[in-house]
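Below is one structure, written out as C-alpha cells, with a few remarks after it.
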Amino acid sequence: GDGAFGVSGRQGLPSAEGSRQFKTPSQSGDVYKAKQSLGQNFLVDQGMARKMVGQVEDTSENGKCVIEVGPGKGALTAQLLSLYPQMTAIEIDQRSVAYLGEELPDLDIRHQDVLTVDWQQLSLDKADGLQLSVIGNLPYYIVSQILFSILDASPHVRRAVLTMQLEVAQRVVSTPRGKTYGILSVATQLYGVPHIAFKIPPTVFQPQPDVDSALVVIEFPKERPVLGINECDLRTVLRASFQMRRKMLRQSLKELLKSKDMVLSDEWGTLRPEVLTPMQFVELTKLIFGEGVTPPGVSVWRGKLDDSARLGDL
C-alpha cells in the first residue's frame with residue numbers, strides 16, 4: 001500500500017488534479033522502529049489515511065494554513081502535500097525529520113516539540129495571520145496537553161483534526177449529565193464545536209494500540225469568545241468541582257468559598273458539577289471571583305494551576 005493518492009473533486013476544495021502527486025514513503029517497520037518513549041503508533045493503512053486527510057477541508061492558497069503535527073513516517077503527509085503543497089509538518093523525532101526530508105524534499109518540516117509551538121507566530125510566519133488547520137495522529141499520552149495548547153491558541157486555529165483514544169474522544173464531546181462529562185468537555189466546548197468524525201480500529205496502526213481510537217474534528221470560530229472572567233479562575237472552579245464530581249457544589253467548592261468568605265445560594269449549592277453547561281460554569285466563576293479578564297499571553301489550560309503568574313497575580 002505505497003501508492004500515490006490524490007484526493008480530488010471534494011466540494012470547495014483545491015482539486016489535486018494537475019498538482020504534483022507525492023508517493024507515500026514506505027511505512028515498513030524496517031525504516032525505523034516505533035519509540036515507546038514517544039508513544040508512537042504509526043498509521044499504516046492508506047485508506048484510513050485518505051479518510052483522515054479528507055476531514056481537513058482547507059481552502060487557503062496552496063494549503064499554507066495546513067499544519068501536520070507528528071507526521072512520523074509520513075502516512076498522511078504525502079497525501080496532504082499533494083493537496084496542500086505549502087503545508088508545514090512539526091515532528092519531535094529526529095529520525096522522522098531525516099526520513100521525510102529525504103523522501104519528501106518539498107516538505108517544510110520543522111524539528112520541534114508540538115507542545116512548544118507558538119501557534120500565533122506560526123500563523124504569521126506561514127499563513128499571513130490566517131487561522132490554521134491542524135491535523136495529527138498524536139501520541140495518546142500527550143493528547144490532552146496538545147488539545148489544551150490548541151484551546152489556548154484557539155483564535156489562531158480554524159479546525160483541529162486529531163486522533164485520540166476513543167475514551168478521550170468521548171470525553172471531549174460529552175454533554176452535561178454524561179458519564180464522561182468533565183473539564184475536557186467544558187473547556188473544548190467553550191471555545192469550539194467538537195464532533196467524532198469516525199472510529200478507528202487498532203489494526204490500522206503499527207504497533208497496534210490496546211484501545212479503540214477515534215478521529216475528532218473541532219471547529220473554532222474566527223474570534224475567541226469573550227467570557228467576561230479571568231479564564232484561569234474558571235479552571236480553578238472546574239478542577240475543584242470535578243475532583244468530587246458526585247458531590248454538590250457547596251461541598252466540592254467548600255475550600256474555595258471559604259477563602260472568598262462566601263456562601264453559595266441553594267440554587268447553585270445543591271447542584272452537582274455534571275449537570276452544569278459550560279456557560280453555567282462561566283456564570284459560577286463570575287459569582288465567586290467577579291468579572292475579570294484573562295492576562296494576555298497566559299496559558300490558561302496548560303500552565304501549572306499553582307503558577308502565580310498564570311493566575312494573574314502579576
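Starting from 1 in every chain, residues are counted up; chains themselves are A, B, ... following the order of the C-alpha cells, and ligands are numbered from 1 as listed.
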Would you give me, as JSON lines, each residue of segment 17-128 of chain A having an atom within 9 Å of an atom of segment 158-164 of chain A, along with its shortest atom pair and that distance in Å to one decimal, using only C-alpha atoms and sorting by chain and residue number?
```
{"residue": "A:Met52", "atom": "CA", "partner": "A:Val161", "partner_atom": "CA", "distance": 7.9}
{"residue": "A:Val53", "atom": "CA", "partner": "A:Val161", "partner_atom": "CA", "distance": 8.8}
{"residue": "A:Gln55", "atom": "CA", "partner": "A:Val161", "partner_atom": "CA", "distance": 7.0}
{"residue": "A:Val56", "atom": "CA", "partner": "A:Val161", "partner_atom": "CA", "distance": 6.7}
{"residue": "A:Glu57", "atom": "CA", "partner": "A:Arg159", "partner_atom": "CA", "distance": 9.0}
{"residue": "A:Asp58", "atom": "CA", "partner": "A:Arg159", "partner_atom": "CA", "distance": 8.8}
```
Practice prompt. As an NGL selection string, list the residues of segment 40-284 of chain A assigned to strand (DSSP E or B) by DSSP on the backbone atoms of this structure.
Written response: :A and (42-43 or 66-69 or 88-91 or 108-111 or 132-137 or 157-165 or 193-200 or 205-206 or 213-219)
Worksheet entry | Residues near segment 132-137 of chain A, cut-off 10 Å, only C-alpha atoms, skip fewer than 6 positions along chain, as a PyMOL selection string | chain A and resi 40-43+49+52-53+55-60+63-72+75-77+80+87-90+119-120+122-123+126+143+150+154-164+215-219
Response to the item:
If you count only C-alpha atoms, the residue of A:Ile183, A:Ile146, A:Ala78, A:Ile92 closest to Gln46 of chain A turns out to be A:Ala78
Fill in: Shell around segment 265-277 of chain A at 9 Å using only C-alpha atoms, local window under 3 positions removed, as an NGL selection string
:A and (175-182 or 186 or 238 or 241-242 or 244-253 or 280-282 or 284)
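The residue set within 6 Å of Pro202 of chain A, counting only C-alpha atoms and dropping same-chain residues fewer than 4 places from it, reads Gln208, Pro209 and Asp212 of chain A.
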How about saving the chosen residues, N, CA, C and O atoms kept, as an mmCIF file, in the first residue's frame?
```cif
data_model
loop_
_atom_site.group_PDB
_atom_site.id
_atom_site.type_symbol
_atom_site.label_atom_id
_atom_site.label_comp_id
_atom_site.auth_asym_id
_atom_site.auth_seq_id
_atom_site.Cartn_x
_atom_site.Cartn_y
_atom_site.Cartn_z
ATOM 1 N N GLN A 208 0.103 -2.013 17.086
ATOM 2 C CA GLN A 208 -1.322 -1.803 17.351
ATOM 3 C C GLN A 208 -1.524 -1.376 18.807
ATOM 4 O O GLN A 208 -1.004 -2.009 19.715
ATOM 5 N N PRO A 209 -2.280 -0.279 19.035
ATOM 6 C CA PRO A 209 -2.577 0.092 20.419
ATOM 7 C C PRO A 209 -3.572 -0.902 21.038
ATOM 8 O O PRO A 209 -4.222 -1.653 20.312
ATOM 9 N N ASP A 212 -9.420 1.173 21.228
ATOM 10 C CA ASP A 212 -10.009 1.765 20.025
ATOM 11 C C ASP A 212 -9.698 3.254 20.009
ATOM 12 O O ASP A 212 -9.522 3.876 21.061
#
```
Using DSSP on the backbone coordinates, identify all residues within segment 54-172 of chain A classified as helix (DSSP H, G or I); present the result as a short mmCIF file (atom, residue, chain, number, x, y, z; two decimals) with all heavy atoms, in the first residue's frame.
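The file below, out_1.cif, is the result:
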```cif
data_model
loop_
_atom_site.label_atom_id
_atom_site.label_comp_id
_atom_site.auth_asym_id
_atom_site.auth_seq_id
_atom_site.Cartn_x
_atom_site.Cartn_y
_atom_site.Cartn_z
N GLU A 61 -4.67 29.35 0.19
CA GLU A 61 -3.85 29.31 -1.02
C GLU A 61 -2.71 28.30 -0.86
O GLU A 61 -1.88 28.41 0.05
CB GLU A 61 -3.27 30.73 -1.23
CG GLU A 61 -2.46 30.90 -2.48
CD GLU A 61 -1.74 32.25 -2.46
OE1 GLU A 61 -1.92 33.03 -1.51
OE2 GLU A 61 -0.99 32.49 -3.42
N ASN A 62 -2.71 27.28 -1.72
CA ASN A 62 -1.70 26.21 -1.69
C ASN A 62 -1.61 25.51 -0.33
O ASN A 62 -0.60 24.91 0.01
CB ASN A 62 -0.31 26.75 -2.07
CG ASN A 62 -0.25 27.13 -3.53
OD1 ASN A 62 -0.82 26.44 -4.37
ND2 ASN A 62 0.39 28.24 -3.83
N GLY A 63 -2.69 25.63 0.45
CA GLY A 63 -2.72 24.95 1.75
C GLY A 63 -1.72 25.50 2.73
O GLY A 63 -1.23 24.79 3.62
N THR A 77 1.25 12.40 5.30
CA THR A 77 1.97 13.57 4.78
C THR A 77 1.97 13.67 3.26
O THR A 77 1.75 14.75 2.71
CB THR A 77 3.42 13.56 5.31
OG1 THR A 77 3.40 13.18 6.68
CG2 THR A 77 4.05 14.93 5.18
N ALA A 78 2.21 12.55 2.56
CA ALA A 78 2.29 12.62 1.10
C ALA A 78 0.93 13.03 0.52
O ALA A 78 0.85 13.83 -0.42
CB ALA A 78 2.73 11.28 0.53
N GLN A 79 -0.14 12.50 1.11
CA GLN A 79 -1.48 12.86 0.63
C GLN A 79 -1.77 14.33 0.93
O GLN A 79 -2.34 15.04 0.10
CB GLN A 79 -2.53 11.98 1.32
CG GLN A 79 -2.41 10.52 0.94
CD GLN A 79 -3.60 9.73 1.44
OE1 GLN A 79 -4.72 10.21 1.45
NE2 GLN A 79 -3.35 8.50 1.86
N LEU A 80 -1.39 14.78 2.12
CA LEU A 80 -1.59 16.18 2.47
C LEU A 80 -0.79 17.09 1.53
O LEU A 80 -1.30 18.10 1.03
CB LEU A 80 -1.15 16.44 3.92
CG LEU A 80 -2.08 15.93 5.02
CD1 LEU A 80 -1.36 15.94 6.37
CD2 LEU A 80 -3.36 16.77 5.10
N LEU A 81 0.46 16.71 1.29
CA LEU A 81 1.35 17.54 0.46
C LEU A 81 0.85 17.63 -0.98
O LEU A 81 1.01 18.66 -1.63
CB LEU A 81 2.77 16.96 0.52
CG LEU A 81 3.92 17.83 0.02
CD1 LEU A 81 4.03 19.13 0.81
CD2 LEU A 81 5.24 17.05 0.12
N SER A 82 0.23 16.56 -1.47
CA SER A 82 -0.32 16.58 -2.83
C SER A 82 -1.45 17.61 -2.93
O SER A 82 -1.63 18.25 -3.97
CB SER A 82 -0.87 15.20 -3.20
OG SER A 82 0.17 14.24 -3.17
N LEU A 83 -2.21 17.76 -1.87
CA LEU A 83 -3.32 18.73 -1.85
C LEU A 83 -2.88 20.11 -1.42
O LEU A 83 -3.41 21.12 -1.89
CB LEU A 83 -4.39 18.26 -0.85
CG LEU A 83 -5.32 17.13 -1.25
CD1 LEU A 83 -6.16 16.72 -0.05
CD2 LEU A 83 -6.22 17.56 -2.39
N GLN A 94 13.87 13.07 15.52
CA GLN A 94 14.87 13.43 14.50
C GLN A 94 14.92 12.39 13.38
O GLN A 94 15.20 12.73 12.23
CB GLN A 94 16.25 13.58 15.16
CG GLN A 94 17.36 14.07 14.23
CD GLN A 94 17.06 15.39 13.53
OE1 GLN A 94 16.78 16.39 14.18
NE2 GLN A 94 17.08 15.41 12.21
N ARG A 95 14.63 11.13 13.70
CA ARG A 95 14.65 10.07 12.67
C ARG A 95 13.59 10.36 11.61
O ARG A 95 13.82 10.19 10.41
CB ARG A 95 14.38 8.71 13.30
CG ARG A 95 15.37 8.30 14.38
CD ARG A 95 14.95 7.01 15.06
NE ARG A 95 13.60 7.07 15.59
CZ ARG A 95 12.91 6.02 16.04
NH1 ARG A 95 13.46 4.82 16.02
NH2 ARG A 95 11.68 6.16 16.50
N SER A 96 12.44 10.82 12.04
CA SER A 96 11.36 11.14 11.12
C SER A 96 11.70 12.37 10.29
O SER A 96 11.46 12.41 9.07
CB SER A 96 10.06 11.39 11.90
OG SER A 96 9.12 12.03 11.10
N VAL A 97 12.29 13.38 10.94
CA VAL A 97 12.68 14.61 10.23
C VAL A 97 13.65 14.26 9.09
O VAL A 97 13.50 14.72 7.95
CB VAL A 97 13.31 15.64 11.21
CG1 VAL A 97 13.82 16.87 10.45
CG2 VAL A 97 12.29 16.06 12.27
N ALA A 98 14.62 13.39 9.40
CA ALA A 98 15.62 12.99 8.39
C ALA A 98 14.96 12.17 7.28
O ALA A 98 15.20 12.40 6.09
CB ALA A 98 16.74 12.20 9.06
N TYR A 99 14.12 11.21 7.67
CA TYR A 99 13.48 10.32 6.70
C TYR A 99 12.56 11.09 5.75
O TYR A 99 12.64 10.94 4.53
CB TYR A 99 12.67 9.24 7.46
CG TYR A 99 11.98 8.23 6.58
CD1 TYR A 99 12.68 7.46 5.66
CD2 TYR A 99 10.60 8.03 6.68
CE1 TYR A 99 12.05 6.51 4.86
CE2 TYR A 99 9.95 7.09 5.89
CZ TYR A 99 10.68 6.33 4.99
OH TYR A 99 10.05 5.40 4.20
N LEU A 100 11.71 11.95 6.31
CA LEU A 100 10.78 12.70 5.45
C LEU A 100 11.51 13.77 4.64
O LEU A 100 11.11 14.08 3.52
CB LEU A 100 9.66 13.33 6.29
CG LEU A 100 8.70 12.33 6.96
CD1 LEU A 100 7.61 13.06 7.72
CD2 LEU A 100 8.08 11.37 5.95
N GLY A 101 12.60 14.31 5.19
CA GLY A 101 13.42 15.28 4.45
C GLY A 101 13.97 14.64 3.18
O GLY A 101 14.08 15.28 2.13
N GLU A 102 14.29 13.35 3.28
CA GLU A 102 14.83 12.60 2.13
C GLU A 102 13.71 12.18 1.16
O GLU A 102 13.82 12.34 -0.04
CB GLU A 102 15.50 11.34 2.67
CG GLU A 102 16.85 11.04 2.07
CD GLU A 102 17.55 9.97 2.90
OE1 GLU A 102 17.25 8.78 2.68
OE2 GLU A 102 18.36 10.34 3.78
N GLU A 103 12.65 11.61 1.74
CA GLU A 103 11.56 11.04 0.94
C GLU A 103 10.67 12.11 0.30
O GLU A 103 10.13 11.92 -0.78
CB GLU A 103 10.69 10.12 1.80
CG GLU A 103 11.40 8.89 2.32
CD GLU A 103 11.56 7.82 1.25
OE1 GLU A 103 10.67 7.68 0.40
OE2 GLU A 103 12.60 7.13 1.26
N VAL A 114 5.71 19.63 19.64
CA VAL A 114 4.44 20.32 19.36
C VAL A 114 3.96 21.14 20.56
O VAL A 114 3.30 22.17 20.40
CB VAL A 114 3.36 19.31 18.90
CG1 VAL A 114 3.03 18.30 19.98
CG2 VAL A 114 2.09 20.04 18.46
N LEU A 115 4.33 20.73 21.77
CA LEU A 115 3.88 21.47 22.95
C LEU A 115 4.57 22.82 23.11
O LEU A 115 4.17 23.65 23.92
CB LEU A 115 4.06 20.63 24.22
CG LEU A 115 3.17 19.39 24.32
CD1 LEU A 115 3.49 18.58 25.57
CD2 LEU A 115 1.69 19.76 24.31
N THR A 116 5.64 23.04 22.32
CA THR A 116 6.32 24.35 22.41
C THR A 116 5.97 25.25 21.23
O THR A 116 6.52 26.34 21.09
CB THR A 116 7.86 24.16 22.43
OG1 THR A 116 8.27 23.61 21.17
CG2 THR A 116 8.30 23.23 23.56
N TRP A 119 1.47 29.02 18.19
CA TRP A 119 0.54 28.92 17.06
C TRP A 119 0.33 30.28 16.40
O TRP A 119 0.18 30.37 15.18
CB TRP A 119 -0.78 28.32 17.52
CG TRP A 119 -0.63 26.91 18.01
CD1 TRP A 119 -0.54 26.51 19.32
CD2 TRP A 119 -0.49 25.72 17.23
NE1 TRP A 119 -0.35 25.15 19.39
CE2 TRP A 119 -0.33 24.63 18.14
CE3 TRP A 119 -0.48 25.46 15.86
CZ2 TRP A 119 -0.17 23.32 17.71
CZ3 TRP A 119 -0.34 24.15 15.44
CH2 TRP A 119 -0.18 23.10 16.34
N GLN A 120 0.29 31.33 17.20
CA GLN A 120 0.10 32.67 16.62
C GLN A 120 1.27 33.04 15.71
O GLN A 120 1.09 33.52 14.60
CB GLN A 120 -0.04 33.71 17.75
CG GLN A 120 -0.24 35.12 17.21
CD GLN A 120 -0.52 36.14 18.31
OE1 GLN A 120 -0.36 35.87 19.49
NE2 GLN A 120 -0.96 37.31 17.91
N GLN A 121 2.50 32.77 16.19
CA GLN A 121 3.69 33.07 15.41
C GLN A 121 3.73 32.24 14.13
O GLN A 121 4.07 32.74 13.05
CB GLN A 121 4.94 32.81 16.27
CG GLN A 121 6.22 33.43 15.71
CD GLN A 121 6.10 34.93 15.43
OE1 GLN A 121 5.71 35.70 16.31
NE2 GLN A 121 6.40 35.35 14.22
N LEU A 122 3.35 30.96 14.24
CA LEU A 122 3.34 30.07 13.08
C LEU A 122 2.34 30.58 12.04
O LEU A 122 2.61 30.58 10.84
CB LEU A 122 2.98 28.66 13.53
CG LEU A 122 3.10 27.53 12.49
CD1 LEU A 122 4.50 27.46 11.91
CD2 LEU A 122 2.72 26.19 13.12
N SER A 123 1.19 31.05 12.52
CA SER A 123 0.17 31.59 11.62
C SER A 123 0.70 32.84 10.91
O SER A 123 0.46 33.05 9.72
CB SER A 123 -1.09 31.90 12.44
OG SER A 123 -1.81 32.95 11.87
N LEU A 124 1.46 33.67 11.62
CA LEU A 124 2.04 34.87 10.99
C LEU A 124 3.14 34.49 10.00
O LEU A 124 3.20 35.03 8.89
CB LEU A 124 2.62 35.81 12.07
CG LEU A 124 1.59 36.50 12.97
CD1 LEU A 124 2.27 37.17 14.17
CD2 LEU A 124 0.78 37.53 12.19
N ASP A 125 3.99 33.52 10.40
CA ASP A 125 5.12 33.11 9.54
C ASP A 125 4.65 32.47 8.25
O ASP A 125 5.20 32.72 7.18
CB ASP A 125 6.01 32.07 10.26
CG ASP A 125 6.78 32.70 11.40
OD1 ASP A 125 6.79 33.93 11.51
OD2 ASP A 125 7.36 31.94 12.21
N LYS A 126 3.65 31.57 8.36
CA LYS A 126 3.30 30.73 7.23
C LYS A 126 2.03 31.13 6.50
O LYS A 126 1.84 30.82 5.35
CB LYS A 126 3.14 29.26 7.72
CG LYS A 126 4.42 28.51 7.94
CD LYS A 126 5.24 28.26 6.68
CE LYS A 126 4.55 27.46 5.61
NZ LYS A 126 5.14 26.18 5.29
N ALA A 127 1.10 31.79 7.22
CA ALA A 127 -0.25 31.91 6.67
C ALA A 127 -0.79 33.34 6.71
O ALA A 127 -2.01 33.54 6.74
CB ALA A 127 -1.18 30.97 7.45
N TYR A 140 -0.91 9.20 22.41
CA TYR A 140 -2.08 9.33 23.28
C TYR A 140 -1.74 9.89 24.65
O TYR A 140 -2.57 10.54 25.27
CB TYR A 140 -2.79 7.97 23.41
CG TYR A 140 -3.44 7.56 22.10
CD1 TYR A 140 -3.75 6.24 21.83
CD2 TYR A 140 -3.72 8.51 21.12
CE1 TYR A 140 -4.34 5.87 20.62
CE2 TYR A 140 -4.30 8.15 19.91
CZ TYR A 140 -4.61 6.84 19.67
OH TYR A 140 -5.19 6.49 18.48
N TYR A 141 -0.49 9.69 25.10
CA TYR A 141 -0.20 10.15 26.45
C TYR A 141 -0.10 11.68 26.54
O TYR A 141 -0.16 12.24 27.64
CB TYR A 141 1.07 9.49 27.01
CG TYR A 141 2.37 10.03 26.45
CD1 TYR A 141 3.12 10.97 27.16
CD2 TYR A 141 2.85 9.61 25.21
CE1 TYR A 141 4.31 11.47 26.64
CE2 TYR A 141 4.03 10.09 24.69
CZ TYR A 141 4.76 11.02 25.41
OH TYR A 141 5.92 11.53 24.89
N ILE A 142 0.06 12.37 25.41
CA ILE A 142 0.09 13.85 25.49
C ILE A 142 -1.10 14.49 24.77
O ILE A 142 -1.13 15.70 24.60
CB ILE A 142 1.40 14.47 24.92
CG1 ILE A 142 1.64 14.06 23.47
CG2 ILE A 142 2.58 14.16 25.79
CD1 ILE A 142 2.66 14.93 22.76
N VAL A 143 -2.09 13.69 24.37
CA VAL A 143 -3.15 14.27 23.54
C VAL A 143 -3.93 15.37 24.27
O VAL A 143 -4.25 16.40 23.69
CB VAL A 143 -4.09 13.18 22.97
CG1 VAL A 143 -5.14 12.73 23.96
CG2 VAL A 143 -4.78 13.67 21.70
N SER A 144 -4.19 15.20 25.58
CA SER A 144 -4.96 16.25 26.25
C SER A 144 -4.12 17.51 26.41
O SER A 144 -4.64 18.62 26.30
CB SER A 144 -5.52 15.77 27.59
OG SER A 144 -4.49 15.33 28.43
N GLN A 145 -2.80 17.36 26.60
CA GLN A 145 -1.93 18.55 26.67
C GLN A 145 -1.90 19.30 25.34
O GLN A 145 -1.92 20.53 25.30
CB GLN A 145 -0.50 18.14 27.06
CG GLN A 145 -0.34 17.74 28.51
CD GLN A 145 -0.79 18.84 29.47
OE1 GLN A 145 -0.30 19.96 29.41
NE2 GLN A 145 -1.72 18.53 30.33
N ILE A 146 -1.86 18.54 24.24
CA ILE A 146 -1.88 19.18 22.91
C ILE A 146 -3.22 19.88 22.69
O ILE A 146 -3.28 21.01 22.19
CB ILE A 146 -1.59 18.14 21.80
CG1 ILE A 146 -0.12 17.71 21.88
CG2 ILE A 146 -1.90 18.71 20.42
CD1 ILE A 146 0.25 16.55 21.01
N LEU A 147 -4.29 19.20 23.10
CA LEU A 147 -5.63 19.78 22.97
C LEU A 147 -5.71 21.08 23.77
O LEU A 147 -6.19 22.10 23.27
CB LEU A 147 -6.65 18.76 23.47
CG LEU A 147 -8.10 18.97 23.08
CD1 LEU A 147 -8.25 19.23 21.60
CD2 LEU A 147 -8.92 17.75 23.48
N PHE A 148 -5.21 21.06 25.01
CA PHE A 148 -5.25 22.28 25.84
C PHE A 148 -4.41 23.39 25.21
O PHE A 148 -4.79 24.56 25.25
CB PHE A 148 -4.76 21.98 27.26
CG PHE A 148 -5.78 21.29 28.13
CD1 PHE A 148 -5.42 20.27 28.99
CD2 PHE A 148 -7.11 21.68 28.09
CE1 PHE A 148 -6.36 19.63 29.81
CE2 PHE A 148 -8.07 21.04 28.90
CZ PHE A 148 -7.69 20.03 29.76
N SER A 149 -3.27 23.05 24.58
CA SER A 149 -2.44 24.10 23.97
C SER A 149 -3.15 24.69 22.75
O SER A 149 -3.04 25.88 22.48
CB SER A 149 -1.04 23.57 23.61
OG SER A 149 -1.09 22.74 22.49
N ILE A 150 -3.93 23.86 22.04
CA ILE A 150 -4.72 24.38 20.91
C ILE A 150 -5.88 25.26 21.41
O ILE A 150 -6.19 26.29 20.83
CB ILE A 150 -5.21 23.22 20.01
CG1 ILE A 150 -4.02 22.62 19.25
CG2 ILE A 150 -6.29 23.69 19.03
CD1 ILE A 150 -4.35 21.37 18.44
N LEU A 151 -6.49 24.85 22.54
CA LEU A 151 -7.57 25.68 23.11
C LEU A 151 -7.02 27.05 23.53
O LEU A 151 -7.66 28.07 23.32
CB LEU A 151 -8.21 25.00 24.33
CG LEU A 151 -8.94 23.68 24.08
CD1 LEU A 151 -9.59 23.17 25.36
CD2 LEU A 151 -9.99 23.82 22.98
N ASP A 152 -5.82 27.06 24.12
CA ASP A 152 -5.20 28.33 24.50
C ASP A 152 -4.96 29.21 23.27
O ASP A 152 -4.97 30.44 23.37
CB ASP A 152 -3.87 28.09 25.23
CG ASP A 152 -4.05 27.84 26.72
OD1 ASP A 152 -5.06 28.31 27.28
OD2 ASP A 152 -3.20 27.18 27.33
N SER A 154 -6.81 29.07 20.47
CA SER A 154 -7.94 28.82 19.57
C SER A 154 -8.23 29.89 18.52
O SER A 154 -8.63 29.55 17.43
CB SER A 154 -9.21 28.50 20.36
OG SER A 154 -9.61 29.62 21.11
N PRO A 155 -8.03 31.19 18.78
CA PRO A 155 -8.35 32.10 17.67
C PRO A 155 -7.41 31.93 16.47
O PRO A 155 -7.71 32.35 15.37
CB PRO A 155 -8.19 33.50 18.28
CG PRO A 155 -7.39 33.33 19.50
CD PRO A 155 -7.58 31.92 19.97
N HIS A 156 -6.27 31.27 16.68
CA HIS A 156 -5.31 31.09 15.58
C HIS A 156 -5.47 29.75 14.88
O HIS A 156 -4.74 29.44 13.94
CB HIS A 156 -3.88 31.25 16.12
CG HIS A 156 -3.71 32.52 16.89
ND1 HIS A 156 -3.85 33.76 16.30
CD2 HIS A 156 -3.48 32.74 18.21
CE1 HIS A 156 -3.69 34.70 17.23
NE2 HIS A 156 -3.48 34.11 18.39
N LEU A 166 -10.53 6.46 21.92
CA LEU A 166 -11.98 6.63 21.86
C LEU A 166 -12.52 7.19 23.18
O LEU A 166 -13.38 8.07 23.20
CB LEU A 166 -12.65 5.29 21.53
CG LEU A 166 -14.17 5.31 21.41
CD1 LEU A 166 -14.64 6.29 20.33
CD2 LEU A 166 -14.71 3.91 21.12
N GLU A 167 -11.98 6.71 24.28
CA GLU A 167 -12.43 7.13 25.61
C GLU A 167 -12.21 8.64 25.80
O GLU A 167 -13.06 9.35 26.36
CB GLU A 167 -11.64 6.33 26.65
CG GLU A 167 -11.96 6.65 28.09
CD GLU A 167 -10.79 6.30 29.02
OE1 GLU A 167 -9.82 5.64 28.56
OE2 GLU A 167 -10.86 6.70 30.18
N VAL A 168 -11.07 9.17 25.34
CA VAL A 168 -10.79 10.61 25.45
C VAL A 168 -11.70 11.38 24.49
O VAL A 168 -12.26 12.42 24.84
CB VAL A 168 -9.30 10.91 25.17
CG1 VAL A 168 -9.03 12.41 25.21
CG2 VAL A 168 -8.42 10.19 26.18
N ALA A 169 -11.90 10.84 23.29
CA ALA A 169 -12.79 11.47 22.30
C ALA A 169 -14.19 11.63 22.89
O ALA A 169 -14.84 12.67 22.73
CB ALA A 169 -12.84 10.62 21.03
N GLN A 170 -14.65 10.60 23.59
CA GLN A 170 -15.99 10.65 24.19
C GLN A 170 -16.07 11.72 25.27
O GLN A 170 -17.09 12.37 25.44
CB GLN A 170 -16.37 9.27 24.74
CG GLN A 170 -16.73 8.31 23.60
CD GLN A 170 -16.74 6.84 24.02
OE1 GLN A 170 -16.10 6.45 25.00
NE2 GLN A 170 -17.42 6.00 23.25
N ARG A 171 -14.96 11.92 25.99
CA ARG A 171 -14.93 12.99 26.99
C ARG A 171 -15.00 14.37 26.33
O ARG A 171 -15.68 15.27 26.81
CB ARG A 171 -13.66 12.89 27.85
CG ARG A 171 -13.84 11.90 28.99
CD ARG A 171 -12.56 11.48 29.67
NE ARG A 171 -11.59 12.52 29.92
CZ ARG A 171 -10.28 12.29 30.09
NH1 ARG A 171 -9.83 11.05 29.99
NH2 ARG A 171 -9.46 13.26 30.33
N VAL A 172 -14.29 14.52 25.22
CA VAL A 172 -14.27 15.82 24.52
C VAL A 172 -15.68 16.23 24.07
O VAL A 172 -16.06 17.40 24.17
CB VAL A 172 -13.30 15.76 23.31
CG1 VAL A 172 -13.45 16.99 22.41
CG2 VAL A 172 -11.86 15.64 23.79
#
```
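You will find atom CA of Pro85 of chain A at 27.2 Å from atom CA of Gly192 of chain A.
Distances here use only C-alpha atoms; by that measure, the residue among A:Met279, A:Ser259, A:Phe205, A:Ser185 closest to Leu227 of chain A is A:Met279.
Rounded to one decimal, atom CA of Leu138 of chain A and atom CA of Ser174 of chain A lie 20.7 Å from each other.
For the set A:Lys286, A:Val204, A:Cys232, A:Pro295, the residue with the smallest atom-to-atom gap to Gly47 of chain A is A:Val204, counting only C-alpha atoms.
Between Gly290 of chain A and the residues A:Val211, A:Ile229, A:Leu257, A:Val263, the shortest atom-to-atom distance, using only C-alpha atoms, involves A:Ile229.
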